[in-house]
file work11.txt (compact mmCIF, C-alpha atoms)
# COMPACT_ATOMS: atom_id res chain seq x y z
CA MET A 1 125.99 54.95 95.72
CA SER A 2 123.57 54.08 98.38
CA LEU A 3 120.20 55.60 97.68
CA SER A 4 117.26 54.61 99.78
CA LEU A 5 113.68 55.68 99.20
CA ARG A 6 111.26 54.17 101.66
CA GLY A 7 107.53 54.82 101.43
CA VAL A 8 108.06 58.15 99.69
CA ARG A 9 104.66 59.59 98.81
CA LEU A 10 103.57 62.79 97.14
CA ARG A 11 100.21 63.68 95.66
CA PHE A 12 99.35 66.34 93.09
CA PRO A 13 95.93 66.79 91.51
CA GLY A 14 95.73 63.92 89.01
CA PHE A 15 99.08 62.39 89.97
CA GLU A 16 100.40 60.38 92.84
CA LEU A 17 104.00 59.42 93.41
CA ALA A 18 104.63 56.37 95.56
CA VAL A 19 108.21 55.19 95.51
CA ASP A 20 110.16 52.48 97.30
CA ALA A 21 113.63 51.59 96.10
CA GLU A 22 117.10 50.90 97.32
CA VAL A 23 120.16 50.89 95.06
CA ARG A 24 123.90 50.73 95.68
CA ASP A 25 125.57 51.48 92.36
CA LYS A 26 127.81 54.22 91.07
CA VAL A 27 125.61 55.36 88.20
CA VAL A 28 121.89 54.59 88.35
CA GLY A 29 119.66 55.31 85.40
CA LEU A 30 116.11 56.50 85.95
CA CYS A 31 113.93 55.77 82.96
CA GLY A 32 110.27 56.15 82.25
CA PRO A 33 107.77 57.80 79.94
CA SER A 34 107.07 61.52 80.16
CA GLY A 35 104.91 62.32 83.16
CA SER A 36 105.96 59.20 85.05
CA GLY A 37 107.41 61.31 87.88
CA LYS A 38 111.15 61.26 87.18
CA THR A 39 111.71 65.00 87.64
CA THR A 40 109.39 65.02 90.66
CA LEU A 41 111.55 62.33 92.22
CA LEU A 42 114.71 64.38 91.57
CA ASP A 43 113.03 67.44 93.11
CA LEU A 44 112.21 65.36 96.19
CA LEU A 45 115.83 64.21 96.44
CA ALA A 46 117.07 67.79 96.08
CA GLY A 47 114.63 68.95 98.75
CA LEU A 48 112.76 71.26 96.38
CA LEU A 49 109.54 69.36 97.06
CA LEU A 50 108.38 67.91 100.35
CA PRO A 51 106.89 64.43 100.33
CA THR A 52 103.75 63.76 102.34
CA ALA A 53 105.31 60.59 103.73
CA GLY A 54 108.50 58.58 103.62
CA ILE A 55 112.22 58.49 104.21
CA ILE A 56 114.97 59.54 101.80
CA GLU A 57 118.59 58.62 102.48
CA VAL A 58 121.69 59.25 100.38
CA GLY A 59 124.74 57.36 101.60
CA ASP A 60 124.56 57.30 105.35
CA ARG A 61 122.73 60.62 105.51
CA ARG A 62 119.00 60.83 106.13
CA LEU A 63 117.75 63.83 104.17
CA THR A 64 114.01 63.47 104.68
CA ASP A 65 111.98 61.66 107.29
CA VAL A 66 108.44 62.93 107.27
CA ALA A 67 107.38 61.03 110.40
CA ALA A 68 110.29 62.53 112.36
CA ASP A 69 109.63 65.96 110.80
CA LEU A 70 113.13 65.92 109.31
CA HIS A 71 113.67 67.86 106.13
CA VAL A 72 117.23 68.91 105.38
CA ARG A 73 117.09 72.18 103.45
CA PRO A 74 118.24 72.14 99.81
CA ARG A 75 121.31 74.24 100.64
CA HIS A 76 122.49 71.73 103.23
CA ARG A 77 121.76 68.55 101.25
CA ARG A 78 124.90 68.48 99.16
CA VAL A 79 122.92 67.34 96.14
CA GLY A 80 124.31 68.47 92.80
CA TYR A 81 121.25 69.00 90.63
CA VAL A 82 121.45 69.63 86.89
CA PRO A 83 117.85 70.16 85.77
CA GLN A 84 116.45 69.99 82.28
CA GLY A 85 116.66 73.07 80.09
CA GLU A 86 118.30 76.35 81.03
CA ALA A 87 120.16 75.77 84.26
CA LEU A 88 122.95 78.36 84.12
CA PHE A 89 122.77 81.82 85.66
CA PRO A 90 122.59 84.01 82.54
CA HIS A 91 123.98 87.10 84.26
CA LEU A 92 127.22 85.36 85.30
CA SER A 93 130.17 84.28 83.22
CA VAL A 94 131.18 80.64 82.94
CA ARG A 95 133.67 81.21 85.78
CA GLY A 96 130.98 82.95 87.86
CA ASN A 97 128.66 79.99 87.36
CA LEU A 98 131.34 77.44 88.22
CA LEU A 99 132.34 79.28 91.38
CA TYR A 100 128.78 79.91 92.58
CA GLY A 101 128.61 76.87 94.82
CA PHE A 102 132.34 76.09 94.96
CA ARG A 103 133.53 74.48 98.19
CA GLU A 104 137.26 74.50 98.84
CA LYS A 105 137.26 71.12 100.51
CA GLY A 106 135.68 69.43 97.52
CA ILE A 107 136.94 68.68 94.04
CA PRO A 108 139.68 71.13 92.92
CA PHE A 109 138.44 73.83 90.53
CA GLN A 110 141.21 73.22 88.02
CA HIS A 111 140.56 69.48 87.94
CA VAL A 112 136.95 70.05 86.89
CA VAL A 113 137.94 72.74 84.37
CA ASP A 114 140.53 70.42 82.82
CA THR A 115 138.32 67.34 82.81
CA PHE A 116 135.52 69.13 81.00
CA GLU A 117 137.87 71.17 78.79
CA MET A 118 136.42 74.44 79.99
CA ALA A 119 139.59 76.57 80.21
CA PRO A 120 138.84 78.46 76.96
CA LEU A 121 135.27 79.06 78.09
CA LEU A 122 135.90 80.52 81.54
CA GLU A 123 135.41 84.21 80.71
CA ARG A 124 132.62 83.62 78.18
CA ASP A 125 129.06 84.87 78.61
CA VAL A 126 127.04 81.70 79.21
CA ARG A 127 124.40 82.87 76.74
CA SER A 128 126.94 82.52 73.95
CA LEU A 129 127.69 78.84 74.69
CA SER A 130 126.46 75.91 72.62
CA GLY A 131 124.05 73.39 74.15
CA GLY A 132 126.83 70.90 74.86
CA GLU A 133 129.07 73.56 76.44
CA LYS A 134 126.21 74.69 78.65
CA GLN A 135 125.70 71.15 79.87
CA ARG A 136 129.38 70.78 80.70
CA VAL A 137 129.36 74.01 82.67
CA ALA A 138 126.17 73.04 84.53
CA ILE A 139 127.61 69.65 85.48
CA GLY A 140 130.98 71.16 86.38
CA ARG A 141 129.23 73.70 88.61
CA ALA A 142 127.29 70.94 90.36
CA LEU A 143 130.47 68.88 90.88
CA LEU A 144 132.34 71.87 92.35
CA SER A 145 129.71 72.20 95.08
CA ASN A 146 131.15 68.97 96.52
CA PRO A 147 127.94 66.96 96.23
CA SER A 148 127.33 63.56 97.75
CA ILE A 149 125.16 62.70 94.75
CA LEU A 150 124.73 64.14 91.27
CA LEU A 151 121.23 64.34 89.80
CA LEU A 152 121.25 64.70 86.01
CA ASP A 153 117.86 65.26 84.41
CA GLU A 154 118.02 64.27 80.74
CA PRO A 155 121.31 66.12 80.26
CA LEU A 156 121.64 65.25 76.58
CA THR A 157 118.10 66.15 75.56
CA GLY A 158 118.05 68.84 72.93
CA LEU A 159 121.50 68.02 71.60
CA ASP A 160 121.76 66.70 68.07
CA THR A 161 123.45 63.37 67.36
CA SER A 162 126.91 64.79 66.74
CA LEU A 163 126.86 66.97 69.86
CA LYS A 164 125.61 64.00 71.82
CA ALA A 165 128.50 61.90 70.58
CA LYS A 166 130.87 64.63 71.73
CA ALA A 167 129.16 64.96 75.12
CA LEU A 168 128.99 61.28 76.10
CA PRO A 169 132.76 60.97 76.73
CA PHE A 170 132.50 63.79 79.27
CA PHE A 171 129.89 61.82 81.16
CA ARG A 172 132.14 58.78 81.10
CA ARG A 173 134.84 60.98 82.61
CA ILE A 174 132.56 61.85 85.53
CA ARG A 175 132.39 58.12 86.20
CA GLU A 176 136.12 57.69 85.93
CA GLU A 177 137.48 60.88 87.49
CA PHE A 178 135.12 61.67 90.33
CA GLU A 179 133.86 59.62 93.21
CA VAL A 180 130.38 61.10 93.00
CA PRO A 181 127.47 58.72 92.47
CA ILE A 182 124.98 59.75 89.81
CA LEU A 183 121.26 59.40 89.30
CA TYR A 184 120.85 59.82 85.57
CA VAL A 185 117.45 60.46 84.01
CA THR A 186 117.19 59.54 80.36
CA HIS A 187 114.91 58.18 77.67
CA HIS A 188 117.75 56.75 75.65
CA ARG A 189 119.08 53.22 75.74
CA ASP A 190 122.48 54.17 74.31
CA GLU A 191 123.10 56.52 77.23
CA VAL A 192 122.02 53.88 79.73
CA LEU A 193 124.30 51.28 78.18
CA ALA A 194 127.22 53.71 78.04
CA LEU A 195 126.95 55.03 81.58
CA CYS A 196 124.68 53.17 83.96
CA ASP A 197 125.26 50.20 86.29
CA ARG A 198 121.61 49.77 87.11
CA VAL A 199 118.29 51.18 85.91
CA LEU A 200 115.16 52.15 87.81
CA LEU A 201 112.10 51.89 85.62
CA MET A 202 109.38 54.33 86.51
CA GLU A 203 105.73 54.37 85.44
CA ARG A 204 102.83 56.47 86.67
CA GLY A 205 104.66 57.64 89.77
CA ARG A 206 106.01 54.24 90.77
CA ILE A 207 109.31 52.45 90.39
CA VAL A 208 108.09 49.28 88.78
CA GLU A 209 111.37 47.49 88.32
CA VAL A 210 115.10 47.66 88.93
CA VAL A 211 117.01 46.11 86.03
CA GLU A 212 120.48 45.62 84.58
CA PRO A 213 121.12 48.06 81.69
CA SER A 214 121.49 45.16 79.26
CA ARG A 215 117.92 44.08 80.01
CA LEU A 216 116.58 47.38 78.79
CA ARG A 217 115.06 47.07 75.34
CA GLY A 218 114.80 50.31 73.33
CA ALA A 219 113.42 53.32 75.10
CA THR A 220 111.84 53.19 78.51
CA GLY A 221 108.49 51.51 78.74
CA GLU A 222 109.43 49.16 75.93
CA SER A 223 111.52 46.89 78.08
CA GLY A 224 108.63 44.49 78.35
CA THR A 225 109.83 43.54 81.79
CA ALA A 226 108.23 46.28 83.83
CA THR A 227 105.59 45.20 86.21
CA SER A 228 103.14 47.57 87.78
CA GLY A 229 102.55 48.28 91.43
CA GLY A 230 105.65 46.54 92.70
CA ALA A 231 108.51 48.12 94.51
CA PRO A 232 111.37 45.71 94.16
CA SER A 233 114.76 46.58 95.51
CA ARG A 234 118.17 45.16 95.32
CA MET B 1 114.01 128.07 90.99
CA THR B 2 117.30 126.36 91.90
CA ASN B 3 116.06 125.92 95.46
CA VAL B 4 112.79 124.45 94.29
CA LEU B 5 114.53 122.09 91.92
CA ALA B 6 117.11 121.00 94.49
CA LEU B 7 114.44 120.37 97.14
CA THR B 8 112.31 118.41 94.68
CA LEU B 9 115.19 116.24 93.48
CA ARG B 10 116.47 115.65 97.01
CA THR B 11 113.11 114.68 98.48
CA ALA B 12 112.22 112.54 95.46
CA ALA B 13 115.54 110.69 95.67
CA LEU B 14 115.20 110.19 99.41
CA SER B 15 111.62 108.94 99.19
CA THR B 16 112.60 106.49 96.43
CA ALA B 17 115.53 105.23 98.51
CA LEU B 18 113.27 104.81 101.54
CA ILE B 19 110.64 102.75 99.75
CA LEU B 20 113.22 100.55 98.03
CA PRO B 21 113.80 97.92 100.77
CA PRO B 22 110.13 97.42 101.75
CA GLY B 23 109.04 97.78 98.12
CA LEU B 24 111.41 95.07 96.87
CA ALA B 25 110.57 92.76 99.77
CA LEU B 26 106.84 93.14 99.13
CA ALA B 27 107.26 92.77 95.36
CA TRP B 28 109.19 89.53 95.88
CA LEU B 29 106.59 88.22 98.34
CA LEU B 30 103.73 88.98 95.96
CA ALA B 31 105.61 87.37 93.06
CA ARG B 32 106.79 84.25 94.85
CA ARG B 33 104.57 83.43 97.81
CA HIS B 34 100.95 82.57 98.41
CA PHE B 35 99.65 83.68 101.77
CA PRO B 36 96.29 84.41 103.37
CA GLY B 37 95.13 87.95 102.66
CA LYS B 38 97.37 88.35 99.61
CA ALA B 39 94.51 89.90 97.61
CA VAL B 40 93.93 92.45 100.39
CA VAL B 41 97.63 93.38 100.44
CA GLU B 42 97.61 93.74 96.64
CA THR B 43 94.59 96.03 96.86
CA LEU B 44 96.11 98.13 99.63
CA VAL B 45 99.33 98.52 97.64
CA THR B 46 97.40 99.72 94.60
CA LEU B 47 95.12 102.06 96.57
CA PRO B 48 97.31 105.21 96.38
CA LEU B 49 97.22 104.91 92.58
CA VAL B 50 93.43 105.23 92.45
CA LEU B 51 92.59 107.27 95.55
CA PRO B 52 92.46 111.04 95.00
CA PRO B 53 95.94 112.25 96.07
CA VAL B 54 94.28 114.83 98.32
CA ALA B 55 92.46 112.03 100.15
CA THR B 56 95.78 110.24 100.68
CA GLY B 57 97.19 113.55 101.88
CA LEU B 58 94.37 113.91 104.38
CA LEU B 59 95.08 110.44 105.74
CA LEU B 60 98.78 111.29 106.00
CA LEU B 61 97.92 114.50 107.81
CA GLU B 62 96.05 112.45 110.40
CA LEU B 63 98.99 110.09 110.81
CA LEU B 64 101.83 112.60 110.74
CA GLY B 65 100.21 115.50 112.62
CA ARG B 66 101.31 116.31 116.17
CA ASN B 67 98.34 114.39 117.51
CA GLY B 68 98.61 111.56 115.00
CA PRO B 69 100.24 108.24 115.93
CA LEU B 70 103.39 108.76 113.84
CA GLY B 71 103.66 112.51 114.34
CA SER B 72 103.36 112.29 118.12
CA MET B 73 105.91 109.45 118.21
CA ALA B 74 108.44 111.46 116.15
CA LEU B 75 107.91 114.45 118.42
CA ARG B 76 108.29 112.40 121.60
CA LEU B 77 111.30 110.34 120.50
CA PHE B 78 113.27 112.81 118.38
CA GLY B 79 111.65 116.17 119.05
CA LEU B 80 110.84 116.43 115.33
CA ASP B 81 107.83 117.94 113.65
CA LEU B 82 106.74 116.13 110.51
CA VAL B 83 103.93 118.10 108.89
CA PHE B 84 104.82 121.25 106.99
CA THR B 85 108.47 120.15 106.77
CA TRP B 86 110.52 118.44 104.05
CA ARG B 87 109.93 115.18 105.95
CA ALA B 88 106.22 115.40 105.12
CA ILE B 89 107.11 115.89 101.45
CA VAL B 90 109.21 112.72 101.57
CA ALA B 91 106.37 110.83 103.26
CA ALA B 92 103.81 111.98 100.68
CA MET B 93 106.12 111.15 97.78
CA ALA B 94 106.93 107.73 99.28
CA VAL B 95 103.29 106.73 99.73
CA MET B 96 102.26 107.94 96.30
CA SER B 97 105.12 106.28 94.43
CA PHE B 98 105.23 103.00 96.39
CA PRO B 99 102.66 101.21 94.16
CA LEU B 100 104.63 101.96 91.01
CA LEU B 101 107.81 100.48 92.44
CA VAL B 102 106.06 97.38 93.78
CA ARG B 103 104.09 96.68 90.61
CA SER B 104 107.06 97.02 88.31
CA ALA B 105 109.47 95.08 90.54
CA ARG B 106 106.89 92.33 90.98
CA VAL B 107 106.69 91.87 87.22
CA GLY B 108 110.48 91.72 87.22
CA PHE B 109 110.59 89.00 89.88
CA GLU B 110 107.80 87.04 88.18
CA GLY B 111 109.95 86.95 85.05
CA VAL B 112 112.81 85.21 86.85
CA ASN B 113 112.94 81.46 86.24
CA VAL B 114 112.16 79.83 89.61
CA ARG B 115 114.34 76.91 88.61
CA LEU B 116 117.44 79.14 88.74
CA GLU B 117 116.61 80.21 92.30
CA GLN B 118 116.10 76.57 93.26
CA ILE B 119 119.39 75.52 91.69
CA ALA B 120 121.19 78.30 93.57
CA SER B 121 119.82 76.88 96.82
CA THR B 122 120.98 73.35 95.93
CA LEU B 123 124.43 74.87 95.36
CA GLY B 124 124.47 75.89 99.02
CA ALA B 125 123.20 79.47 98.79
CA SER B 126 121.13 80.89 101.65
CA ARG B 127 117.80 82.58 100.87
CA GLY B 128 119.43 85.98 101.17
CA ARG B 129 122.25 85.03 98.83
CA VAL B 130 119.77 83.60 96.31
CA PHE B 131 117.85 86.87 96.43
CA PHE B 132 120.83 89.17 96.03
CA THR B 133 122.85 87.09 93.56
CA VAL B 134 120.14 85.51 91.40
CA SER B 135 116.63 86.96 91.85
CA LEU B 136 117.56 90.64 92.07
CA PRO B 137 120.09 90.76 89.20
CA LEU B 138 117.71 88.87 86.92
CA ALA B 139 114.77 91.09 87.92
CA ALA B 140 116.93 94.20 87.47
CA PRO B 141 115.13 95.59 84.40
CA GLY B 142 111.76 95.50 86.20
CA VAL B 143 113.23 96.75 89.46
CA GLY B 144 115.16 99.52 87.68
CA ALA B 145 112.08 100.60 85.76
CA GLY B 146 110.11 100.61 89.03
CA ILE B 147 112.73 102.82 90.68
CA LEU B 148 112.66 105.30 87.82
CA LEU B 149 108.86 105.38 87.63
CA ALA B 150 108.63 105.85 91.39
CA PHE B 151 111.17 108.66 91.19
CA ALA B 152 109.27 110.30 88.34
CA ARG B 153 106.00 110.00 90.26
CA ALA B 154 107.66 111.54 93.32
CA LEU B 155 108.93 114.46 91.23
CA GLY B 156 105.42 115.27 90.10
CA GLU B 157 103.66 114.70 93.43
CA PHE B 158 101.25 117.51 94.27
CA GLY B 159 97.92 116.64 95.91
CA ALA B 160 99.16 114.86 99.01
CA THR B 161 102.22 117.10 99.32
CA ILE B 162 100.35 120.39 99.45
CA LEU B 163 98.11 119.03 102.20
CA VAL B 164 100.83 117.67 104.50
CA ALA B 165 103.71 120.03 103.67
CA GLY B 166 101.97 123.18 102.43
CA SER B 167 103.80 125.63 100.19
CA ILE B 168 106.49 127.36 102.19
CA PRO B 169 109.00 128.93 99.75
CA GLY B 170 112.48 127.60 100.29
CA ARG B 171 111.26 124.97 102.77
CA THR B 172 108.43 122.87 101.42
CA GLN B 173 107.85 124.23 97.95
CA THR B 174 108.46 121.46 95.43
CA ILE B 175 108.32 122.00 91.68
CA SER B 176 104.62 120.99 91.37
CA VAL B 177 103.61 123.16 94.28
CA ALA B 178 105.68 126.04 92.89
CA ILE B 179 103.90 125.77 89.51
CA TYR B 180 100.52 125.95 91.26
CA GLN B 181 101.67 128.92 93.33
CA ALA B 182 103.03 130.74 90.26
CA VAL B 183 99.75 130.26 88.38
CA GLN B 184 97.77 131.46 91.40
CA LEU B 185 99.87 134.60 91.56
CA GLY B 186 99.67 135.19 87.80
CA HIS B 187 103.39 134.58 87.23
CA ASP B 188 102.78 132.76 83.99
CA ARG B 189 106.34 132.92 82.69
CA GLU B 190 107.69 131.36 85.89
CA ALA B 191 104.96 128.71 85.80
CA TYR B 192 105.81 127.71 82.21
CA ARG B 193 109.52 127.62 82.98
CA LEU B 194 108.92 125.29 85.92
CA MET B 195 106.56 123.22 83.83
CA GLY B 196 109.28 122.81 81.18
CA VAL B 197 111.84 121.66 83.72
CA SER B 198 109.31 119.32 85.33
CA ALA B 199 108.33 117.81 81.96
CA LEU B 200 111.97 117.32 81.05
CA LEU B 201 112.77 115.49 84.29
CA ALA B 202 109.68 113.29 84.05
CA PHE B 203 110.40 112.50 80.40
CA ALA B 204 113.98 111.47 81.17
CA ALA B 205 112.92 109.20 84.05
CA VAL B 206 110.03 107.53 82.19
CA PHE B 207 112.09 107.15 79.01
CA ALA B 208 114.88 105.43 80.94
CA GLY B 209 112.30 103.23 82.69
CA GLU B 210 110.72 102.20 79.38
CA ARG B 211 114.12 101.31 77.96
CA LEU B 212 114.83 99.12 80.95
CA VAL B 213 111.49 97.33 80.61
CA ARG B 214 112.10 96.72 76.90
CA ARG B 215 115.42 95.10 77.70
CA GLY B 216 113.39 92.57 79.67
CA PRO B 217 114.76 89.90 81.95
CA HIS B 218 117.82 87.95 80.82

call {"tool": "encode", "arguments": {"input": "work11.txt", "output": "structure tokens"}}
result
Amino acid sequence: MSLSLRGVRLRFPGFELAVDAEVRDKVVGLCGPSGSGKTTLLDLLAGLLLPTAGIIEVGDRRLTDVAADLHVRPRHRRVGYVPQGEALFPHLSVRGNLLYGFREKGIPFQHVVDTFEMAPLLERDVRSLSGGEKQRVAIGRALLSNPSILLLDEPLTGLDTSLKAKALPFFRRIREEFEVPILYVTHHRDEVLALCDRVLLMERGRIVEVVEPSRLRGATGESGTATSGGAPSR
Amino acid sequence: MTNVLALTLRTAALSTALILPPGLALAWLLARRHFPGKAVVETLVTLPLVLPPVATGLLLLELLGRNGPLGSMALRLFGLDLVFTWRAIVAAMAVMSFPLLVRSARVGFEGVNVRLEQIASTLGASRGRVFFTVSLPLAAPGVGAGILLAFARALGEFGATILVAGSIPGRTQTISVAIYQAVQLGHDREAYRLMGVSALLAFAAVFAGERLVRRGPH
């Protein structure tokens, strides 16, 4: 993945996001305490929020350039976003959800269904799915929209340990089976170690360090290596 | 009575159908957007609920009369008279029931998780597709209840109707107007019969609306 955030700024009452980072890895973890701005950053990448300044590029595509008044609309960004919590359309079946953003020229439908073992779920009402099944459908749906990047916001939060253990292999399969880079928000070191090539540490609206997963100690903010105010990049 | 009932049902259905597109658009705007003058729009939308219906009727008479802006336009463009015709009934019913549709549909749209609409747009859906495939289906209980309440209100419309459409038997006499006429003429039995039918229709519409609201959004 090539993700470039240059001088990205956004201010809310009581919170300011100021991010500079550049990473070129397949799966990048985004870690930080609650309220550090992780979801806000994902919303900026997806085009759901407009920054007050800065440039956002994914791959060779410039998605936002405030100075040039460029803001690619969310529907044209090709960003597969799996937000926290309820992300599925409750009035559609699993198949309806999966096909919502399906693009023929992208990943074949059957390949995603097989990879995530969703064949028995296709006609089910999404409200009857377990937490882990819902996550698989949400990620499958995002992949089928042929994204150039996948944004996963704490996808395993809310799952108990056994469900988590079942879900992690599916995330590994995304790495192995699909050529889609991932920005993966998590609080958990085990997920980072299992999936990520690099980790962005975020605090109070800033990316304070870019580290190797093995350098991460415990949960985010406990790494002991984060420095404030800096904006290092690879 | 069959004529009266048929005219009432037809005009009520037509007025409800007519207010549906602008009503849903306005409900969505009020639920999802902030814009200058929003409070004024909200007040204007609610006004027919609190204004005396006869006052609303008087205003409509000014607008729809041959010398009014809308009435003269209809006459010039289509050669159609509006006042004292079924078209005036539809106009009166539409204005009086519009607030009920908008208020109920707005609550429906407010109950839809914004995140789902945003996700639909990241999946490549246009604004129109998001509205018709996510917002509207998820707001359906509120929208449906609004439609039924608006229809029920239209069925019972009297004050504005009698002013702009009068009480011409077979042409502009709706069920409410017919009840009034029957009482005036001392035809009590006819009045009670019409009242029974009217109550039954209103009960069915409101009951169905309440059931929809209780179902709530998904």

call {"tool": "interface_residues", "arguments": {"input": "work11.txt", "of": "chain A", "to": "chain B", "cutoff": "12 Å", "atoms": "all atoms listed in the file", "output": "MDAnalysis selection string"}}
result
chainID A and resid 42:49 72:92 96:103 125:127 138:151

call {"tool": "residues_near_point", "arguments": {"input": "work11.txt", "point": "(114.6, 105.7, 95.9)", "cutoff": "9 Å", "atoms": "only C-alpha atoms", "output": "JSON, numbers by chain"}}
result
{"B": [12, 13, 14, 15, 16, 17, 18, 19, 20, 94, 147, 148, 150, 151]}

call {"tool": "closest_residue", "arguments": {"input": "work11.txt", "among": "A:Glu203, A:Asp69, A:Glu133, A:Asp197", "to": "Met118 of chain A", "atoms": "all atoms listed in the file"}}
result
A:Glu133

call {"tool": "residues_around", "arguments": {"input": "work11.txt", "residues": "Leu30 of chain B", "least_positions_apart": "6", "cutoff": "10 Å", "atoms": "all atoms listed in the file", "output": "ChimeraX atom specification"}}
result
/B:24,38-39,41-42,102-103,105-107,109-110

call {"tool": "closest_residue", "arguments": {"input": "work11.txt", "among": "B:Leu100, B:Ala208, B:Ala92, B:Ile175", "to": "Leu5 of chain B", "atoms": "only C-alpha atoms"}}
result
B:Ile175

call {"tool": "residues_around", "arguments": {"input": "work11.txt", "residues": "Ser167 of chain B", "least_positions_apart": "4", "cutoff": "12 Å", "atoms": "all atoms listed in the file", "output": "ChimeraX atom specification"}}
result
/B:4,83-86,88-89,158-163,171-182

call {"tool": "write_last_selection", "arguments": {"input": "work11.txt", "atoms": "C-alpha atoms", "output": "short mmCIF file (atom, residue, chain, number, x, y, z; two decimals), in the frame of the given file"}}
result
data_model
loop_
_atom_site.label_atom_id
_atom_site.label_comp_id
_atom_site.auth_asym_id
_atom_site.auth_seq_id
_atom_site.Cartn_x
_atom_site.Cartn_y
_atom_site.Cartn_z
CA VAL B 4 112.79 124.45 94.29
CA VAL B 83 103.93 118.10 108.89
CA PHE B 84 104.82 121.25 106.99
CA THR B 85 108.47 120.15 106.77
CA TRP B 86 110.52 118.44 104.05
CA ALA B 88 106.22 115.40 105.12
CA ILE B 89 107.11 115.89 101.45
CA PHE B 158 101.25 117.51 94.27
CA GLY B 159 97.92 116.64 95.91
CA ALA B 160 99.16 114.86 99.01
CA THR B 161 102.22 117.10 99.32
CA ILE B 162 100.35 120.39 99.45
CA LEU B 163 98.11 119.03 102.20
CA ARG B 171 111.26 124.97 102.77
CA THR B 172 108.43 122.87 101.42
CA GLN B 173 107.85 124.23 97.95
CA THR B 174 108.46 121.46 95.43
CA ILE B 175 108.32 122.00 91.68
CA SER B 176 104.62 120.99 91.37
CA VAL B 177 103.61 123.16 94.28
CA ALA B 178 105.68 126.04 92.89
CA ILE B 179 103.90 125.77 89.51
CA TYR B 180 100.52 125.95 91.26
CA GLN B 181 101.67 128.92 93.33
CA ALA B 182 103.03 130.74 90.26
#

call {"tool": "atom_distance", "arguments": {"input": "work11.txt", "atom1": "atom CA of Val8 of chain A", "atom2": "atom CA of Leu63 of chain A"}}
result
12.1 Å

call {"tool": "closest_residue", "arguments": {"input": "work11.txt", "among": "B:Val197, B:Ala204, B:Val45, B:Leu101", "to": "Val143 of chain B", "atoms": "all atoms listed in the file"}}
result
B:Leu101

call {"tool": "atom_distance", "arguments": {"input": "work11.txt", "atom1": "atom CA of Leu64 of chain B", "atom2": "atom CA of Val40 of chain B"}}
result
24.0 Å

call {"tool": "closest_residue", "arguments": {"input": "work11.txt", "among": "A:Ser214, A:Thr52, A:Thr39, A:Ser34", "to": "Arg9 of chain A", "atoms": "all atoms listed in the file"}}
result
A:Thr52

call {"tool": "atom_distance", "arguments": {"input": "work11.txt", "atom1": "atom CA of Leu121 of chain A", "atom2": "atom CA of Gln135 of chain A"}}
result
12.5 Å

call {"tool": "residues_around", "arguments": {"input": "work11.txt", "residues": "Lys26 of chain A", "least_positions_apart": "5", "cutoff": "10 Å", "atoms": "all atoms listed in the file", "output": "list in words"}}
result
Met1, Ser2, Ile149, Arg175, Glu179, Val180, Pro181, Ile182, Leu183, Leu195, Cys196, Asp197 and Arg198 of chain A

call {"tool": "axis_aligned_box", "arguments": {"input": "work11.txt", "around": "segment 138-146 of chain B", "padding_each_side": "5 Å", "output": "JSON"}}
result
{"center_x": 113.9, "center_y": 94.7, "center_z": 86.9, "size_x": 17.6, "size_y": 21.7, "size_z": 15.1}

call {"tool": "residues_near_point", "arguments": {"input": "work11.txt", "point": "(116.6, 58.8, 84.1)", "cutoff": "6 Å", "atoms": "only C-alpha atoms", "output": "MDAnalysis selection string"}}
result
chainID A and resid 29:31 184:186

call {"tool": "closest_residue", "arguments": {"input": "work11.txt", "among": "B:Leu136, B:Val95, B:Leu9, B:Leu59", "to": "Ala205 of chain B", "atoms": "only C-alpha atoms"}}
result
B:Leu9

call {"tool": "residues_around", "arguments": {"input": "work11.txt", "residues": "Leu3 of chain A", "least_positions_apart": "2", "cutoff": "6 Å", "atoms": "all atoms listed in the file", "output": "list in words"}}
result
Glu22, Val23, Glu57 and Val58 of chain A
